[in-house]
Structure formats: C-alpha cells, structure tokens
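Below is one structure, written out as structure tokens; comments come after it.
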Amino acid sequence: MQTDDILDSLLTFSEEIAEINDYMLLEEKLLFYAKKLVGADRGTVWYCDDRQKTIYTHLADGIDQLTIPMNTGLVGTAIQTEESIICNDVSKNPKHYSAIDLKTGYKTKNTIIIPFKNAANEIIGALQILNKDNGKSDFCQTDLRLLNLAVSIVGATLNTIFLNFQINKIFEYVASVADEGDVNSILARLADMGKDILRAERTTIWLADNNKTLSAKVAQGIQNKVSIPFDSGLVGHSYITGEPVICNDPYNDSRFNQEIDKQTGFITKSVIAMPLRTSDGRVVGAFQCVNKIGRSGKFEEADFLRMKMIASYIAKTAELNELTKEIENTQKELIFRLGAAGETRSKETGNHVKRVAEYSAILAKYYGLDKESIETLLIASPMHDIGKIAIPDEILNKPGKLTATEFDIMKKHAEFGHEILAGSSREILKTSAIIALQHHEKWDGSGYPSRLEGENIHIFGRITALADVFDALGSDRCYKKAWQLEQIYELINEQSGKHFDPTLVEIFFKHLDEILEIRHHLSDEFGHPYAS
Ligand SMILES: [Fe+2]
Ligand SMILES: [Fe+2]
C-alpha cells in the first residue's frame with residue numbers, strides 16, 4: 001500500500017469510528033481497516049474472560065466463537081506478556097496453537113498480534129491478523145506500527161464505549177435495586193453490583209450490631225452466618241478508623257484476620273474495604289471486596305471512588321431499614337395498645353387481642369393467603385373490637401345477659417369500629433376497618449351488621465370471627481366463665497357452615513397444636529377481676 005493510500009485509509013477509519021457507539025461495529029471496522037492496512041487475509045478480535053480464565057474470539061473471519069484456556073497459543077502469550085508478537089512462520093513456533101487450524105481447516109502461515117487495554121489500563125484482549133498476502137509475504141515492523149496505530153485510534157473510542165458500558169451497568173443495577181422491595185434483596189443486589197463494578201471475586205457487607213460484633217449481612221461464598229469482633233481484620237480496621245483500606249498482600253499484613261480463610265478454605269489475595277456511613281456520619285459497618293480479578297490481581301486507589309458510591313447506597317439502605325423497622329414497630333405497638341384499650345374497657349385482658357392476631361395468622365397461612373396479607377392481618381386484627389370504646393359502660397360491662405335493646409346497642413360496635421377506621425388509604429387501616437365491620441358476620445348469613453353470607457364475607461372477617469370466638473369462649477368474661485376446651489371444640493364443630501366458614505374450621509382442627517401452643521404461650525398472666 002502506498003503512503004497516500006495508508007494515510008487515506010487511516011483518515012477514513014478514524015472518521016468512521018468517531019460515529020460509532022457500539023462494540024461490534026467498532027470491531028468490524030477495526031478488522032476491516034487492519035487487514036486493509038497490512039494487506040492481510042483474516043483477522044480476529046480476542047477478549048479475556050478473567051473469571052473463567054479463558055480467552056475467546058469476539059469477532060473472527062471464517063470461524064464461530066472459539067474459547068481457549070488463558071495463556072494458550074501466541075495470542076495467550078501476547079496477552080500474558082502484554083507484548084505484541086510478529087510470527088512469520090507459525091509452523092516453527094512451538095507456542096502456535098494448531099488446534100484452531102485443525103478445527104477450521106484454515107491454514108495459518110504467519111500472524112501479528114497486538115494486545116489492547118481498557119480505560120483502567122488493563123489488558124482486555126488482542127487483535128490478531130493472519131496471513132499477509134495470503135501468507136506469501138512476511139509481516140514487518142511497519143505493519144506492527146500501523147496496526148498499533150489502528151488499535152490506539154480505536155482505543156480512545158473503546159475507552160468511551162467501555163466507560164458507557166460501565167455507566168450503563170451502574171444504571172441497570174440502580175434500576176434493579178429500585179425494583180426490589182425487600183431490604184435483604186436490595187443488599188444482595190448491591191453486593192453483586194460491587195462485585196461486577198470492582199471486578200472482585202467476592203464481596204461482603206458487614207453490619208455492626210449491639211454485641212460489639214460485625215455480622216456478615218450478605219456474604220458471597222459463605223454458607224453459614226459469620227460474625228467477627230468489631231475490631232478484627234481489615235474490615236474491623238476500616239470500621240474502627242472510618243477510613244477505607246486497600247491490602248494487596250494480606251498474609252503479610254498484621255491487620256488481616258486469617259480465621260475466615262481457615263474456616264472456609266478460601267484464599268484471600270487482595271482486599272479493599274470501605275466504611276459504611278449513615279447520613280449523620282455514623283459508621284454502621286463496612287463493605288468489603290476480596291480478590292481483584294485480572295492479571296494484576298490488585299486493588300488500586302482508583303477503585304475507592306466506585307466503592308464509595310456502592311458503600312453509600314448500602315449505608316442508606318441499612319439506615320432506611322432501621323427507620324422503617326422503627327416506624328413499623330411503633331405502628332404495631334400503637335395498634336395493639338389501641339386494640340387493647342377497647343378490650344380493657346370491657347374488662348378483657350390485653351393478651352386477648354394478641355392471641356386473636358396470632359390465631360388469625362395461622363388460619364390465614366393454611367388457608368393459603370400470601371405472606372403480605374398474613375402480615376397485614378396479624379397487625380390489623382387486634383383492632384376488631386375498637387368500636388367498643390363507643391359502647392356505654394353499663395352495657396359493655398353488664399354482669400349478666402343483655403336485654404334485646406342493650407344487645408342491639410352492643411352490636412353497634414362493629415359499625416362504630418368501621419367508622420373509626422374507614423377512609424384511610426393505609427393497607428393496615430383498610431384491613432382493620434373490614435375486620436371491625438365483618439367479624440360478627442356468620443357464614444349462613446345470620447350475623448350482623450349486614451347479614452352477609454358465605455364468601456361475601458371478606459376472608460379477613462371470616463378468619464377473625466373464628467379466632468375471636470375461640471379465644472373469647474376460652475376466657476372469663478363479665479357475663480360468663482371460661483369454657484372447657486372440649487366444650488369449645490364441640491361448639492366450633494357444630495357451628496361449621498353456620499357461624500363459621502367450614503374450610504376454616506377444618507384448618508383450625510388440623511393445626512390445633514399450633515393454636516394451642518399460642519394459647520399457652522400468650523395465656524393471661526394475671527387473674528381476671530371477675531374470675532373466682
Ligand atoms: Fe366484636
Ligand atoms: Fe374480641
């Protein structure tokens with residue numbers, strides 16, 4: 001090729017690739033112009049797979065994708081040594097990997113190989129050009145310089161694409177994290193994100209707890225739950241000092257704790273750890289990546305920035321989880337106390353609402369409701385009798401049978417309760433409102449206030465009805481003494497299909513052991529004022 005033609009080709013090449021934002025197209029252009037510049041027959045773009053310890057063809061003339069062990073053949077050697085190779089008689093070179101020619105039927109006579117790097121200056125693959133003038137001419141130093149030039153022109157674009165690729169990966173992770181509802185899943189996604197973006201073999205999220213230990217919240221490759229003293233190892237060092245740590249020779253670092261390696265059989269070769277800091281600056285744990293993938297195997301200061309971004313996500317998630325738990329617990333306690341207030345006015349013990357909630361959860365579980373509904377029911381059912389706060393004392397606590405008029409007033413507690421709770425957009429309050437309104441409806445339509453029948457009664461209402469009656473009968477009330485269990489079973493059986501949903505009655509007896517365990521566990525600690 002004449003100098004003018006070479007210059008023209010290089011110019012067109014750089015103009016064309018400036019427009020490209022896609023790996024494959026870029027590689028196609030590179031191969032096309034590389035072959036043109038040196039007058040060669042074929043070309044291949046190879047990439048390294050550091051995790052699998054292989055190299056593979058990404059784009060190749062005349063062959064399907066091929067994967068060979070890393071460090072194999074002339075390409076493997078060029079990648080390993082980070083040096084270009086010219087070989088004008090491959091048949092005489094012991095490093096030549098002849099298996100590919102045997103497989104494809106193509107005869108390689110001579111070749112030239114140029115390794116290329118990514119933005120982080122790590123070798124990620126190689127350009128291989130085969131058979132100059134169909135193997136009739138030798139590759140020369142000028143060819144090498146021309147191909148180096150072509151690779152470096154692509155290199156700049158390759159870097160941009162590589163960076164875009166990384167940014168997209170971050171976006172993908174951030175989007176997938178946003179889709180996760182559960183804190184543990186979010187933390188697991190963030191740990192994966194760290195592994196991919198920092199190119200590490202393993203990552204661990206360590207969170208501090210009250211016992212002066214760091215517990216592995218997400219630990220890749222570790223089966224059992226692991227806890228370490230808060231000042232132990234490189235992670236402990238990062239946690240205590242609040243500073244990031246890099247260590248590329250842990251076995252010669254006195255701060256490194258070899259214990260976990262001994263337990264798991266894993267060998268730690270390099271570590272990077274970053275403290276997890278909440279928005280008010282508290283250090284709540286540390287994020288750790290182990291064993292950098294790639295030929296250097298070393299973490300570098302440049303990794304800190306990426307690590308810091310992920311660590312801040314992790315810290316915010318952990319913090320948010322703490323706050324959510326606090327709010328949920330407060331909410332639960334308020335509901336129990338409110339529910340118990342209704343019960344206390346009617347001189348029932350506080351544990352009644354707790355037991356009803358637990359029985360309801362068991363019935364709901366075996367009825368087949370989903371986890372979320374069970375949890376909502378568990379929280380909401382203690383409010384079933386909240387409407388009793390609107391019932392006059394003389395009726396609510398009348399020691400004896402109510403007159404018909406009094407009973408009509410008493411029945412109003414269902415609608416009062418509904419009025420108190422209805423109209424909220426909160427799931428728990430919506431559920432409580434349904435339960436308050438429907439817990440006295442009966443399967444055969446003879447209940448109150450709406451005489452609903454069968455499955456027209458919400459499943460939450462049907463469940464709470466059975467749980468409530470079972471517990472009320474078993475407890476002393478102002479108008480009656482506690483029944484014996486056998487008597488209660490008899491009534492429940494007899495009322496199956498009348499008062500109660502028969503499916504629920506069946507579930508009740510099938511899982512009676514669990515119900516009785518709760519009854520025992522949450523029995524009233526204190527004597528009832530009306531008990532003799
Ligand atoms: Fe009630
Ligand atoms: Fe009740």
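Residues are named by chain letter and number: chains run A, B, ... in the order of the structure tokens, numbers start at 1 in each chain, and ligands are numbered from 1 in the order shown.
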If we count only C-alpha atoms and set the cut-off at 8 Å, which residues sit around stretch 75-89 of chain A, ignoring sequence neighbours fewer than 6 positions away in its own chain? Please answer as a VMD selection string. chain A and resid 55 95 109 to 115 123 125 to 126 128 138 to 140 144 295
message = Using DSSP secondary structure from the backbone, list all helix (DSSP H, G or I) positions within stretch 370-489 of chain A, as a PyMOL selection string.
response = chain A and resi 371-383+386-390+393-396+404-411+413-421+427-438+454-456+459-473+485-489
Could you list, as a PyMOL selection string, all residues that come within 10 Å of ligand 1? Count only C-alpha atoms and all ligand atoms. chain A and resi 342-343+383-388+410-414+417+435-440+464-465+468-469+472
- [ ] For each of A:Val151, A:Val284, A:Leu305, A:Ala341, take the minimum atom-to-atom distance to ligand 2, counting only C-alpha atoms and all ligand atoms, then give the residue where this is smallest.
- [x]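 Of A:Val151, A:Val284, A:Leu305, A:Ala341, the one nearest ligand 2 is A:Ala341, counting only C-alpha atoms and all ligand atoms.
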### Query
Interatomic distance between atom CA of A:Ile434 and atom CA of A:Ala380?
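Value for the atom CA of A:Ile434-atom CA of A:Ala380 distance: 9.5 Å.
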Skip stretch 241-258 of chain A itself and residues of its chain fewer than 6 positions away, then list as a CSV table (one decimal) with N, CA and C atoms, in the first residue's frame all residues within 6 Å of it, counting only C-alpha atoms.
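In the end it all went to part_0.csv:
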chain,number,residue,atom,x,y,z
A,233,GLY,N,-9.6,-7.8,61.9
A,233,GLY,CA,-9.2,-7.9,60.5
A,233,GLY,C,-9.2,-6.5,59.8
A,234,LEU,N,-9.1,-6.6,58.5
A,234,LEU,CA,-9.0,-5.3,57.7
A,234,LEU,C,-10.3,-4.6,57.7
A,270,SER,N,-6.3,-10.3,47.8
A,270,SER,CA,-6.3,-8.8,47.9
A,270,SER,C,-7.7,-8.4,48.5
A,271,VAL,N,-7.7,-7.3,49.2
A,271,VAL,CA,-8.9,-6.8,49.9
A,271,VAL,C,-9.0,-5.3,49.7
A,272,ILE,N,-10.2,-4.9,49.6
A,272,ILE,CA,-10.5,-3.4,49.7
A,272,ILE,C,-11.7,-3.3,50.6
A,273,ALA,N,-11.7,-2.4,51.5
A,273,ALA,CA,-12.8,-2.3,52.5
A,273,ALA,C,-13.1,-0.8,52.6
A,274,MET,N,-14.4,-0.5,52.7
A,274,MET,CA,-14.9,0.9,52.8
A,274,MET,C,-15.9,1.0,53.9
A,275,PRO,N,-15.7,1.9,54.9
A,275,PRO,CA,-16.7,2.1,56.0
A,275,PRO,C,-18.1,2.4,55.4
A,298,LYS,N,-4.7,-6.8,41.8
A,298,LYS,CA,-4.5,-5.8,42.9
A,298,LYS,C,-5.6,-4.7,42.8
Could you pull out the strand (DSSP E) residues of stretch 196-385 of chain A from DSSP and send them as a compact mmCIF listing (two decimals) with N, CA, C and O atoms, in the first residue's frame?
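Ended up saving to out_18.txt:
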# COMPACT_ATOMS: atom_id res chain seq x y z
N ALA A 200 -14.35 -8.03 41.46
CA ALA A 200 -13.83 -8.79 42.61
C ALA A 200 -14.43 -10.19 42.59
O ALA A 200 -15.49 -10.40 42.00
N GLU A 201 -13.74 -11.12 43.23
CA GLU A 201 -14.28 -12.47 43.30
C GLU A 201 -15.45 -12.56 44.26
O GLU A 201 -16.41 -13.28 44.03
N ARG A 202 -15.34 -11.85 45.39
CA ARG A 202 -16.37 -11.91 46.41
C ARG A 202 -16.57 -10.56 47.06
O ARG A 202 -15.64 -9.76 47.10
N THR A 203 -17.77 -10.36 47.58
CA THR A 203 -17.99 -9.15 48.38
C THR A 203 -18.74 -9.54 49.65
O THR A 203 -19.48 -10.51 49.66
N THR A 204 -18.54 -8.76 50.68
CA THR A 204 -19.28 -8.99 51.93
C THR A 204 -19.74 -7.65 52.49
O THR A 204 -18.98 -6.68 52.48
N ILE A 205 -21.00 -7.63 52.95
CA ILE A 205 -21.49 -6.43 53.65
C ILE A 205 -21.50 -6.76 55.13
O ILE A 205 -22.17 -7.70 55.56
N TRP A 206 -20.74 -6.02 55.89
CA TRP A 206 -20.66 -6.25 57.34
C TRP A 206 -21.41 -5.14 58.06
O TRP A 206 -21.15 -3.97 57.81
N LEU A 207 -22.35 -5.54 58.92
CA LEU A 207 -23.06 -4.52 59.70
C LEU A 207 -22.79 -4.72 61.18
O LEU A 207 -22.78 -5.85 61.67
N ALA A 208 -22.56 -3.61 61.86
CA ALA A 208 -22.26 -3.67 63.30
C ALA A 208 -23.54 -3.94 64.07
O ALA A 208 -24.61 -3.45 63.70
N ASP A 209 -23.45 -4.75 65.12
CA ASP A 209 -24.62 -4.90 65.98
C ASP A 209 -24.25 -4.54 67.42
O ASP A 209 -23.11 -4.17 67.71
N THR A 213 -19.99 -6.72 67.60
CA THR A 213 -19.51 -7.61 66.52
C THR A 213 -19.93 -7.02 65.18
O THR A 213 -20.84 -6.19 65.11
N LEU A 214 -19.23 -7.48 64.15
CA LEU A 214 -19.63 -7.16 62.77
C LEU A 214 -20.21 -8.45 62.21
O LEU A 214 -19.56 -9.50 62.25
N SER A 215 -21.45 -8.40 61.73
CA SER A 215 -22.08 -9.59 61.18
C SER A 215 -22.17 -9.47 59.68
O SER A 215 -22.52 -8.41 59.16
N ALA A 216 -21.86 -10.57 58.98
CA ALA A 216 -21.93 -10.57 57.53
C ALA A 216 -23.40 -10.62 57.12
O ALA A 216 -24.07 -11.61 57.33
N LYS A 217 -23.90 -9.52 56.59
CA LYS A 217 -25.31 -9.43 56.19
C LYS A 217 -25.47 -10.12 54.84
O LYS A 217 -26.39 -10.89 54.63
N VAL A 218 -24.60 -9.81 53.92
CA VAL A 218 -24.56 -10.53 52.64
C VAL A 218 -23.12 -11.01 52.49
O VAL A 218 -22.20 -10.23 52.53
N ALA A 219 -22.94 -12.32 52.37
CA ALA A 219 -21.58 -12.84 52.23
C ALA A 219 -21.56 -13.86 51.11
O ALA A 219 -22.13 -14.93 51.23
N SER A 227 -19.86 -13.91 62.09
CA SER A 227 -19.70 -12.68 62.87
C SER A 227 -18.25 -12.60 63.32
O SER A 227 -17.63 -13.63 63.60
N ILE A 228 -17.71 -11.40 63.36
CA ILE A 228 -16.34 -11.23 63.85
C ILE A 228 -16.33 -10.08 64.87
O ILE A 228 -17.21 -9.22 64.83
N PRO A 229 -15.38 -10.08 65.78
CA PRO A 229 -15.29 -8.94 66.71
C PRO A 229 -15.14 -7.65 65.90
O PRO A 229 -14.52 -7.67 64.82
N VAL A 245 -9.62 0.91 53.28
CA VAL A 245 -8.37 0.14 53.37
C VAL A 245 -8.15 -0.61 52.07
O VAL A 245 -9.08 -1.18 51.52
N ILE A 246 -6.90 -0.60 51.59
CA ILE A 246 -6.53 -1.50 50.48
C ILE A 246 -5.39 -2.36 50.99
O ILE A 246 -4.46 -1.84 51.62
N CYS A 247 -5.47 -3.65 50.71
CA CYS A 247 -4.34 -4.50 51.07
C CYS A 247 -4.17 -5.56 49.98
O CYS A 247 -5.09 -6.35 49.73
N VAL A 271 -7.66 -7.27 49.21
CA VAL A 271 -8.85 -6.80 49.91
C VAL A 271 -8.98 -5.29 49.75
O VAL A 271 -7.99 -4.57 49.78
N ILE A 272 -10.22 -4.86 49.56
CA ILE A 272 -10.50 -3.42 49.66
C ILE A 272 -11.72 -3.30 50.57
O ILE A 272 -12.67 -4.07 50.43
N ALA A 273 -11.66 -2.41 51.54
CA ALA A 273 -12.79 -2.26 52.48
C ALA A 273 -13.11 -0.78 52.63
O ALA A 273 -12.22 0.06 52.64
N MET A 274 -14.40 -0.51 52.73
CA MET A 274 -14.87 0.88 52.81
C MET A 274 -15.88 0.99 53.95
O MET A 274 -16.79 0.17 54.02
N PRO A 275 -15.70 1.94 54.87
CA PRO A 275 -16.69 2.06 55.95
C PRO A 275 -18.07 2.44 55.42
O PRO A 275 -18.17 3.13 54.40
N LEU A 276 -19.11 1.97 56.11
CA LEU A 276 -20.48 2.32 55.73
C LEU A 276 -20.94 3.43 56.66
O LEU A 276 -20.99 3.25 57.88
N ARG A 277 -21.24 4.57 56.07
CA ARG A 277 -21.54 5.76 56.88
C ARG A 277 -22.99 6.20 56.63
O ARG A 277 -23.41 6.31 55.49
N VAL A 283 -20.65 5.45 61.57
CA VAL A 283 -20.16 4.30 60.82
C VAL A 283 -20.93 3.08 61.33
O VAL A 283 -20.91 2.77 62.52
N VAL A 284 -21.67 2.41 60.42
CA VAL A 284 -22.54 1.31 60.85
C VAL A 284 -22.03 -0.05 60.37
O VAL A 284 -22.65 -1.07 60.62
N GLY A 285 -20.90 -0.06 59.69
CA GLY A 285 -20.36 -1.33 59.21
C GLY A 285 -19.30 -1.07 58.16
O GLY A 285 -18.73 0.04 58.10
N ALA A 286 -19.03 -2.08 57.35
CA ALA A 286 -18.03 -1.90 56.29
C ALA A 286 -18.38 -2.80 55.11
O ALA A 286 -18.99 -3.85 55.28
N PHE A 287 -18.02 -2.33 53.93
CA PHE A 287 -18.24 -3.10 52.71
C PHE A 287 -16.87 -3.57 52.23
O PHE A 287 -15.92 -2.81 52.19
N GLN A 288 -16.81 -4.85 51.89
CA GLN A 288 -15.50 -5.43 51.59
C GLN A 288 -15.56 -6.18 50.25
O GLN A 288 -16.51 -6.92 49.98
N CYS A 289 -14.57 -5.95 49.41
CA CYS A 289 -14.42 -6.73 48.18
C CYS A 289 -13.11 -7.50 48.29
O CYS A 289 -12.10 -6.96 48.74
N VAL A 290 -13.15 -8.76 47.86
CA VAL A 290 -11.98 -9.62 48.01
C VAL A 290 -11.53 -10.17 46.66
O VAL A 290 -12.35 -10.54 45.83
N ASN A 291 -10.24 -10.22 46.47
CA ASN A 291 -9.58 -10.79 45.29
C ASN A 291 -9.97 -10.11 43.97
O ASN A 291 -10.94 -10.49 43.31
N LYS A 292 -9.19 -9.13 43.62
CA LYS A 292 -9.38 -8.40 42.36
C LYS A 292 -9.18 -9.38 41.20
O LYS A 292 -8.19 -10.13 41.16
